[in-house]
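A short write-up of the structure that comes next.
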Protein chains: 2
Amino acid sequence: MTRAAPPDARSRGIALAEATLAGDRRALARLLTSVESRTPGAEAALRVLHPRAGGAHVIGVTGAPGAGKSTLVSAIVRELRARGRSAAVVAVDPSSPITGGAILGDRVRMQEHATDDGVFIRSMAARGHAGGLAATTDTAVTALDAAGFDVVIVETVGTGQSEVEVVATADTTVVLEAPEMGDEIQAIKAGLLEVADIVVVSKGDRPGAERTANLLRTMLATGTGPDEPLAVRRRPKRPEVLLTTGATGAGVAALVDALDRHRAAPGADGVTEARLKRAETLVWAIVMARVRDDIAKGESAAEARALMAAVAAHAIDPYAAADALLAARAAAGGAGEGSGS
Amino acid sequence: MTRAAPPDARSRGIALAEATLAGDRRALARLLTSVESRTPGAEAALRVLHPRAGGAHVIGVTGAPGAGKSTLVSAIVRELRARGRSAAVVAVDPSSPITGGAILGDRVRMQEHATDDGVFIRSMAARGHAGGLAATTDTAVTALDAAGFDVVIVETVGTGQSEVEVVATADTTVVLEAPEMGDEIQAIKAGLLEVADIVVVSKGDRPGAERTANLLRTMLATGTGPDEPLAVRRRPKRPEVLLTTGATGAGVAALVDALDRHRAAPGADGVTEARLKRAETLVWAIVMARVRDDIAKGESAAEARALMAAVAAHAIDPYAAADALLAARAAAGGAGEGSGS
């Protein structure tokens with residue numbers, strides 16, 4: 001049983017999930033809207049879809065603004081299609097839903113795939129879900145995975161904690177760096193190299209691209225940046241550094257080969273560290289939503305509001321307020337806890 | 001009683017809090033380290049400090065990378081000191097602790113205040129606390145507020161969901177924009193204007209600064225950007241747009257006047273929406289930490305690990321796992337729930 005959803009929302013969610021599994025792309029689009037806006041039916045849908053997911057190769061693509069993420073993602077999708085594989089893209093839009101003009105412009109480039117049923121592209125807004133960006137994105141990935149796409153690409157700008165978390169738990173994380181004139185590597189400033197499985201220097205036809213690639217190779221080999229030690233996450237294998245030119249497609253086939261090699265590494269299709277981390281993000285987000293709903297929508301809602309105001313007025317401390325809320329929830333019997341299956 | 005901390009950690013936390021209240025700056029620095037690394041004594045310290053906080057004017061400063069945040073913050077601090085007021089700065093460092101070279105370089109500019117007891121500057125790392133950046137920063141602000149600083153400035157880069165959340169709940173939020181040649185306003189792309197109480201165009205001596213300020217004024221007045229509608233949070237008063245030149249200090253006195261006016265607005269020193277939001281962030285983060293600790297450190301820890309692995313293997317869905325964890329916690333009696341005061 002779905003805990004909070006009314007029966008009709010639950011039925012609608014299950015119907016959307018079943019249509020999605022049957023290959024209905026409009027149902028998939030509606031399901032993702034439901035996930036993004038957290039409507040009551042989303043849970044019922046995801047409970048149907050989760051056991052059917054796990055087959056897709058989840059690829060994260062991140063980099064500083066202007067590194068060329070959209071162009072590269074479009075080129076990867078083109079190469080995957082040429083190899084007969086289907087691909088879905090979740091582009092996490094860092095600007096607000098209303099003012100996201102620049103990003104929407106980028107999406108226009110993807111219109112070449114608009115009539116191809118083997119490609120699905122979706123922008124998701126990053127704002128408005130305090131701490132929940134990773135959970136919302138992971139849920140969308142589950143839906144696209146269950147819908148049968150061979151590859152699911154998650155694209156985020158690599159300039160915020162939440163945004164980097166989203167791609168860090170992909171099966172394979174690609175960090176993009178545009179060639180620079182100086183020794184400045186944007187991906188270092190943002191701490192992105194630490195999450196990279198593959199590093200790509202974009203705009204490979206520009207002067208300086210080879211130099212940037214070599215600088216990155218040296219840094220990754222020695223574990224030092226231009227000025228100081230580099231925190232590269234310990235991993236069995238050092239990230240490869242590749243050059244691509246998104247506009248011409250040069251280097252993209254080699255990148256897709258590298259993605260396949262990373263995916264085919266021993267153990268990479270089982271319960272990897274990244275997949276465990278993704279599961280944990282989802283489960284803890286649901287636990288928290290359950291507890292918040294029990295408190296904020298249950299009998300203790302008025303008490304909760306009063307406690308928050310008392311903390312804001314510095315009349316009580318936040319730990320005392322948290323304990324009072326948990327005690328009220330426990331006294332109320334956890335609002336149906338454990339009735340979930 | 002502090003729930004999880006051993007008695008000696010609790011005593012150390014209380015001692016740090018008392019020394020902080022007595023004006024001991026080294027104790028304050030150690031306390032902030034304790035908050036940042038979430039050592040067991042931090043809770044005991046904060047329980048002492050929270051009721052003593054609430055007097056400071058909390059100012060958030062954000063903007064795109066390169067907008068000139070550090071220079072402006074340093075200039076504001078100088079002006080506040082000239083007016084006889086003390087100031088603390090929390091700079092949320094978006095790069096990893098190890099690779100934060102550029103940001104540490106910025107901090108060097110603040111060394112002019114190094115021997116001034118009325119100024120306290122602290123960098124905090126943004127990574128490693130999934131979803132907890134706002135809560136950690138708010139806790140640090142509480143400590144600095146209780147320590148008696150007249151103004152606490154929180155500085156973050158405005159390019160990530162977590163980072164913007166941090167400054168959005170300040171009493172007064174300043175959004176910084178560097179003058180551009182074209183019609184591109186970085187703060188719009190990042191959705192920052194929506195959280196602004198005051199908009200500052202930095203580098204006011206550069207060509208184009210007046211033009212950028214006028215463009216911003218028009219946009220804020222009409223609610224439209226160059227290309228499309230602008231989502232400006234409904235507020236009684238439209239944000240002022242000011243010009244400053246951090247290097248020379250031009251415009252900084254007028255900015256501090258504007259900050260004071262915003263703070264002096266009717267109701268701005270009571271339980272405002274921003275202060276309520278800050279309290280909620282803190283309380284929910286503590287509730288979640290309590291629930292996670294009960295599950296992850298209690299008798300159900302092994303069960304939790306098995307459930308996460310089953311979700312990662314797509315053998316069960318994450319909602320079923322969440323319900324099982326909550327049921328196990330309820331069965332264990334919530335691990336001392338309600339014993340907190």
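Labels for the structure tokens follow display order: chains A, B, ..., residues from 1 in each chain, ligands from 1.
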
Least-squares align chain A to chain B using all Cα atoms paired by position, then dump the moved coordinates as a short mmCIF file (atom, residue, chain, number, x, y, z; two decimals) with C-alpha atoms, in the first residue's frame.
```cif
data_model
loop_
_atom_site.label_atom_id
_atom_site.label_comp_id
_atom_site.auth_asym_id
_atom_site.auth_seq_id
_atom_site.Cartn_x
_atom_site.Cartn_y
_atom_site.Cartn_z
CA MET A 1 20.72 16.01 28.28
CA THR A 2 22.56 15.72 25.01
CA ARG A 3 21.38 12.52 23.40
CA ALA A 4 24.39 10.96 21.78
CA ALA A 5 27.45 12.66 23.21
CA PRO A 6 29.50 11.01 25.92
CA PRO A 7 29.63 13.08 29.14
CA ASP A 8 33.18 14.36 28.59
CA ALA A 9 32.41 15.54 25.02
CA ARG A 10 29.35 17.28 26.44
CA SER A 11 31.39 19.00 29.15
CA ARG A 12 33.99 20.12 26.62
CA GLY A 13 31.22 21.51 24.37
CA ILE A 14 29.67 23.45 27.25
CA ALA A 15 33.08 24.77 28.30
CA LEU A 16 33.74 25.95 24.71
CA ALA A 17 30.34 27.66 24.61
CA GLU A 18 30.95 29.43 27.92
CA ALA A 19 34.42 30.59 26.85
CA THR A 20 32.89 31.81 23.56
CA LEU A 21 30.28 33.83 25.46
CA ALA A 22 33.08 35.28 27.59
CA GLY A 23 34.75 36.62 24.42
CA ASP A 24 37.46 33.98 23.93
CA ARG A 25 38.14 34.01 20.17
CA ARG A 26 40.24 30.85 20.17
CA ALA A 27 37.38 29.00 21.85
CA LEU A 28 35.03 30.36 19.17
CA ALA A 29 37.36 29.10 16.42
CA ARG A 30 37.50 25.65 18.02
CA LEU A 31 33.73 25.64 18.41
CA LEU A 32 33.27 26.35 14.68
CA THR A 33 35.63 23.49 13.83
CA SER A 34 33.49 21.31 16.06
CA VAL A 35 30.33 22.44 14.24
CA GLU A 36 31.91 21.86 10.82
CA SER A 37 33.20 18.39 11.62
CA ARG A 38 30.09 17.52 13.66
CA THR A 39 31.93 16.33 16.75
CA PRO A 40 29.80 15.07 19.65
CA GLY A 41 30.30 18.18 21.80
CA ALA A 42 28.84 20.59 19.21
CA GLU A 43 25.26 19.91 20.25
CA ALA A 44 25.89 20.65 23.92
CA ALA A 45 27.64 23.89 22.95
CA LEU A 46 24.86 25.00 20.64
CA ARG A 47 22.21 24.33 23.28
CA VAL A 48 24.00 26.82 25.51
CA LEU A 49 24.48 29.36 22.69
CA HIS A 50 21.15 29.33 20.87
CA PRO A 51 19.16 31.18 23.57
CA ARG A 52 21.89 33.85 23.65
CA ALA A 53 21.72 34.43 19.86
CA GLY A 54 19.29 36.48 17.80
CA GLY A 55 20.81 39.93 18.24
CA ALA A 56 23.06 39.98 15.18
CA HIS A 57 22.09 41.30 11.77
CA VAL A 58 22.68 38.32 9.45
CA ILE A 59 23.65 39.44 5.94
CA GLY A 60 24.00 37.06 2.99
CA VAL A 61 26.24 38.03 0.07
CA THR A 62 26.14 36.01 -3.14
CA GLY A 63 26.88 36.36 -6.83
CA ALA A 64 28.43 34.55 -9.80
CA PRO A 65 32.13 33.61 -9.62
CA GLY A 66 34.25 36.69 -10.28
CA ALA A 67 31.54 39.16 -9.27
CA GLY A 68 33.83 40.48 -6.54
CA LYS A 69 32.24 39.05 -3.40
CA SER A 70 35.39 38.89 -1.24
CA THR A 71 36.41 42.44 -2.11
CA LEU A 72 32.94 43.76 -1.31
CA VAL A 73 32.69 41.81 1.96
CA SER A 74 36.05 43.18 3.05
CA ALA A 75 34.88 46.72 2.21
CA ILE A 76 31.62 46.25 4.15
CA VAL A 77 33.59 45.01 7.17
CA ARG A 78 35.88 48.08 6.96
CA GLU A 79 32.86 50.41 6.87
CA LEU A 80 31.17 48.62 9.79
CA ARG A 81 34.36 48.91 11.87
CA ALA A 82 34.57 52.62 11.05
CA ARG A 83 31.06 52.89 12.49
CA GLY A 84 32.18 51.07 15.65
CA ARG A 85 30.38 47.81 14.92
CA SER A 86 31.88 44.32 15.10
CA ALA A 87 31.54 41.84 12.22
CA ALA A 88 32.02 38.12 11.61
CA VAL A 89 32.30 36.56 8.16
CA VAL A 90 31.49 32.97 7.20
CA ALA A 91 32.81 32.31 3.69
CA VAL A 92 31.35 29.10 2.29
CA ASP A 93 34.08 27.67 0.13
CA PRO A 94 32.67 25.86 -2.89
CA SER A 95 35.81 23.92 -3.66
CA SER A 96 37.15 20.99 -1.72
CA PRO A 97 39.12 21.59 1.47
CA ILE A 98 42.32 20.55 -0.25
CA THR A 99 42.03 22.23 -3.61
CA GLY A 100 40.59 25.54 -2.48
CA GLY A 101 43.64 27.52 -3.49
CA ALA A 102 41.89 30.35 -5.27
CA ILE A 103 39.55 30.99 -2.39
CA LEU A 104 42.29 30.86 0.19
CA GLY A 105 44.01 33.50 -1.93
CA ASP A 106 40.94 35.70 -1.60
CA ARG A 107 41.06 35.31 2.14
CA VAL A 108 44.52 36.83 2.17
CA ARG A 109 42.92 40.17 1.29
CA MET A 110 41.12 40.04 4.61
CA GLN A 111 44.37 40.02 6.52
CA GLU A 112 44.05 43.74 7.14
CA HIS A 113 41.58 42.76 9.85
CA ALA A 114 43.77 40.03 11.35
CA THR A 115 44.73 41.95 14.49
CA ASP A 116 41.28 43.49 15.05
CA ASP A 117 39.29 41.70 17.76
CA GLY A 118 36.08 43.19 16.36
CA VAL A 119 36.46 41.15 13.18
CA PHE A 120 36.31 37.37 12.81
CA ILE A 121 36.70 35.57 9.47
CA ARG A 122 36.09 31.92 8.83
CA SER A 123 36.05 29.77 5.68
CA MET A 124 33.87 26.68 5.72
CA ALA A 125 34.11 23.85 3.19
CA ALA A 126 30.95 23.25 1.20
CA ARG A 127 31.51 19.60 0.37
CA GLY A 128 31.01 16.44 2.30
CA HIS A 129 27.72 17.24 4.01
CA ALA A 130 25.02 15.91 1.70
CA GLY A 131 22.08 18.29 2.03
CA GLY A 132 23.52 19.72 5.21
CA LEU A 133 25.28 22.84 3.98
CA ALA A 134 22.51 25.21 5.06
CA ALA A 135 22.19 23.58 8.49
CA THR A 136 25.95 23.67 9.14
CA THR A 137 26.18 27.31 8.09
CA ASP A 138 23.11 28.31 10.13
CA THR A 139 24.68 26.64 13.17
CA ALA A 140 27.91 28.59 12.65
CA VAL A 141 25.87 31.79 12.32
CA THR A 142 24.15 31.03 15.65
CA ALA A 143 27.54 30.63 17.34
CA LEU A 144 28.89 33.92 15.90
CA ASP A 145 25.64 35.69 16.77
CA ALA A 146 25.80 34.44 20.37
CA ALA A 147 29.47 35.43 20.53
CA GLY A 148 28.23 39.00 20.30
CA PHE A 149 29.08 40.18 16.78
CA ASP A 150 26.81 43.00 15.65
CA VAL A 151 26.80 41.75 12.07
CA VAL A 152 27.35 38.22 10.71
CA ILE A 153 28.03 38.08 6.96
CA VAL A 154 27.61 34.80 5.08
CA GLU A 155 29.31 34.75 1.69
CA THR A 156 28.62 32.01 -0.88
CA VAL A 157 29.08 31.62 -4.61
CA GLY A 158 25.65 31.86 -6.24
CA THR A 159 25.92 28.90 -8.56
CA GLY A 160 24.41 25.94 -6.78
CA GLN A 161 21.12 25.08 -5.13
CA SER A 162 22.68 24.44 -1.70
CA GLU A 163 24.83 27.56 -1.90
CA VAL A 164 21.93 29.88 -2.74
CA GLU A 165 19.75 28.34 -0.01
CA VAL A 166 22.39 29.34 2.52
CA VAL A 167 22.15 33.08 1.85
CA ALA A 168 18.43 33.12 1.01
CA THR A 169 17.54 32.87 4.72
CA ALA A 170 19.76 35.75 5.87
CA ASP A 171 17.96 38.74 7.38
CA THR A 172 19.18 40.74 4.38
CA THR A 173 20.41 39.15 1.15
CA VAL A 174 22.76 41.07 -1.13
CA VAL A 175 23.19 39.85 -4.72
CA LEU A 176 26.29 41.05 -6.50
CA GLU A 177 26.57 41.52 -10.26
CA ALA A 178 29.72 42.51 -12.15
CA PRO A 179 29.26 44.96 -15.03
CA GLU A 180 29.06 43.20 -18.38
CA MET A 181 29.44 44.45 -21.88
CA GLY A 182 26.35 42.76 -23.26
CA ASP A 183 22.85 42.30 -21.92
CA GLU A 184 23.81 39.16 -20.03
CA ILE A 185 22.99 39.39 -16.32
CA GLN A 186 24.64 36.46 -14.51
CA ALA A 187 22.33 36.81 -11.51
CA ILE A 188 19.31 36.11 -13.73
CA LYS A 189 20.80 32.96 -15.20
CA ALA A 190 21.42 31.67 -11.70
CA GLY A 191 17.98 32.74 -10.46
CA LEU A 192 19.63 34.94 -7.84
CA LEU A 193 17.49 38.06 -8.28
CA GLU A 194 14.64 36.10 -6.74
CA VAL A 195 16.39 36.05 -3.36
CA ALA A 196 17.79 39.61 -3.43
CA ASP A 197 16.87 42.27 -0.88
CA ILE A 198 19.57 44.57 -2.27
CA VAL A 199 21.32 44.29 -5.65
CA VAL A 200 24.87 45.62 -5.93
CA VAL A 201 26.76 46.23 -9.18
CA SER A 202 30.41 45.78 -8.28
CA LYS A 203 33.43 47.27 -10.01
CA GLY A 204 31.46 50.51 -10.29
CA ASP A 205 34.38 52.33 -11.91
CA ARG A 206 34.36 50.04 -14.92
CA PRO A 207 32.72 51.11 -18.17
CA GLY A 208 29.26 49.58 -18.32
CA ALA A 209 28.61 49.57 -14.58
CA GLU A 210 25.97 52.32 -14.74
CA ARG A 211 24.41 50.65 -17.75
CA THR A 212 24.22 47.29 -15.92
CA ALA A 213 22.66 49.02 -12.89
CA ASN A 214 20.03 50.70 -15.07
CA LEU A 215 19.29 47.44 -16.87
CA LEU A 216 18.78 45.75 -13.49
CA ARG A 217 16.53 48.58 -12.27
CA THR A 218 14.37 48.32 -15.37
CA MET A 219 14.16 44.56 -15.05
CA LEU A 220 13.24 44.69 -11.37
CA ALA A 221 10.67 47.44 -12.03
CA THR A 222 8.95 45.70 -14.92
CA GLY A 223 9.49 42.12 -13.79
CA THR A 224 10.98 41.19 -17.16
CA GLY A 225 14.46 40.17 -18.22
CA PRO A 226 16.01 40.87 -21.64
CA ASP A 227 14.28 37.81 -23.08
CA GLU A 228 11.49 36.73 -20.79
CA PRO A 229 9.57 37.24 -17.55
CA LEU A 230 11.59 37.41 -14.37
CA ALA A 231 10.57 35.46 -11.29
CA VAL A 232 11.08 38.04 -8.56
CA ARG A 233 9.82 36.80 -5.21
CA ARG A 234 6.89 38.88 -4.06
CA ARG A 235 8.03 41.27 -1.39
CA PRO A 236 6.66 44.50 0.02
CA LYS A 237 9.51 46.51 -1.46
CA ARG A 238 11.45 46.15 -4.70
CA PRO A 239 15.23 45.55 -4.19
CA GLU A 240 17.38 48.68 -4.39
CA VAL A 241 20.18 48.65 -6.99
CA LEU A 242 23.44 50.24 -5.83
CA LEU A 243 26.92 50.68 -7.32
CA THR A 244 30.08 50.01 -5.35
CA THR A 245 33.80 49.98 -6.09
CA GLY A 246 35.28 47.62 -3.56
CA ALA A 247 38.87 48.66 -4.21
CA THR A 248 38.28 52.37 -3.51
CA GLY A 249 35.34 51.93 -1.14
CA ALA A 250 33.08 54.14 -3.28
CA GLY A 251 29.42 53.38 -2.64
CA VAL A 252 30.11 51.12 0.32
CA ALA A 253 28.85 53.62 2.93
CA ALA A 254 25.60 53.94 0.96
CA LEU A 255 25.33 50.13 0.88
CA VAL A 256 25.78 49.88 4.65
CA ASP A 257 23.08 52.57 5.03
CA ALA A 258 20.80 50.46 2.82
CA LEU A 259 21.57 47.35 4.91
CA ASP A 260 20.66 49.29 8.05
CA ARG A 261 17.42 50.54 6.49
CA HIS A 262 16.45 47.00 5.51
CA ARG A 263 17.18 45.79 9.02
CA ALA A 264 15.22 48.67 10.57
CA ALA A 265 12.09 48.01 8.49
CA PRO A 266 8.99 47.31 10.60
CA GLY A 267 8.99 43.71 11.85
CA ALA A 268 12.50 42.98 10.58
CA ASP A 269 13.87 42.32 14.09
CA GLY A 270 11.11 39.90 15.14
CA VAL A 271 10.30 36.37 13.95
CA THR A 272 10.54 37.14 10.25
CA GLU A 273 9.90 34.69 7.44
CA ALA A 274 13.67 34.36 6.92
CA ARG A 275 14.30 33.59 10.60
CA LEU A 276 11.46 31.07 10.65
CA LYS A 277 12.94 29.39 7.57
CA ARG A 278 16.38 29.29 9.24
CA ALA A 279 14.86 27.70 12.36
CA GLU A 280 13.07 25.12 10.21
CA THR A 281 16.27 24.22 8.35
CA LEU A 282 18.04 23.64 11.67
CA VAL A 283 15.26 21.67 13.35
CA TRP A 284 14.57 19.39 10.38
CA ALA A 285 18.30 18.71 9.96
CA ILE A 286 18.48 17.68 13.62
CA VAL A 287 15.34 15.52 13.33
CA MET A 288 16.86 13.75 10.33
CA ALA A 289 20.22 13.27 12.05
CA ARG A 290 18.41 11.79 15.09
CA VAL A 291 16.44 9.35 12.94
CA ARG A 292 19.51 8.37 10.88
CA ASP A 293 21.61 7.88 14.00
CA ASP A 294 18.91 5.74 15.62
CA ILE A 295 18.78 3.54 12.53
CA ALA A 296 22.41 3.52 11.41
CA LYS A 297 23.96 3.23 14.86
CA GLY A 298 21.26 1.24 16.64
CA GLU A 299 20.36 -2.42 16.61
CA SER A 300 18.96 -2.07 13.11
CA ALA A 301 22.30 -1.03 11.58
CA ALA A 302 22.92 -4.44 9.98
CA GLU A 303 19.33 -4.53 8.73
CA ALA A 304 19.80 -1.05 7.26
CA ARG A 305 22.91 -2.12 5.34
CA ALA A 306 21.15 -5.20 3.98
CA LEU A 307 18.13 -3.14 2.90
CA MET A 308 20.30 -0.58 1.08
CA ALA A 309 22.09 -3.37 -0.79
CA ALA A 310 18.73 -4.94 -1.73
CA VAL A 311 17.53 -1.60 -3.12
CA ALA A 312 20.79 -1.18 -5.06
CA ALA A 313 20.28 -4.67 -6.51
CA HIS A 314 16.69 -3.69 -7.42
CA ALA A 315 15.40 -6.62 -5.33
CA ILE A 316 13.14 -4.35 -3.26
CA ASP A 317 11.92 -0.82 -3.87
CA PRO A 318 13.19 2.16 -1.82
CA TYR A 319 9.77 2.88 -0.29
CA ALA A 320 9.56 -0.64 1.15
CA ALA A 321 13.09 -0.23 2.51
CA ALA A 322 12.24 3.12 4.10
CA ASP A 323 9.14 1.67 5.75
CA ALA A 324 11.10 -1.33 7.06
CA LEU A 325 13.72 1.00 8.58
CA LEU A 326 11.08 3.16 10.25
CA ALA A 327 9.28 0.07 11.58
CA ALA A 328 12.54 -1.29 13.02
CA ARG A 329 13.21 2.06 14.66
CA ALA A 330 9.70 2.24 16.13
CA ALA A 331 10.03 -1.33 17.45
CA ALA A 332 13.31 -0.38 19.10
CA GLY A 333 11.48 2.45 20.91
CA GLY A 334 13.07 5.29 18.96
CA ALA A 335 16.38 4.94 20.84
CA GLY A 336 15.72 7.28 23.71
CA GLU A 337 13.40 9.62 21.85
CA GLY A 338 12.17 12.51 23.92
CA SER A 339 14.96 12.25 26.44
CA GLY A 340 16.51 15.35 24.99
CA SER A 341 15.61 18.02 27.51
#
```

Review point. So which residues of segment 183-332 of chain B fall under strand (DSSP E or B) by DSSP, listed as number ranges by chain?
Key: B: 198-201, 224, 229, 240-243, 245, 250
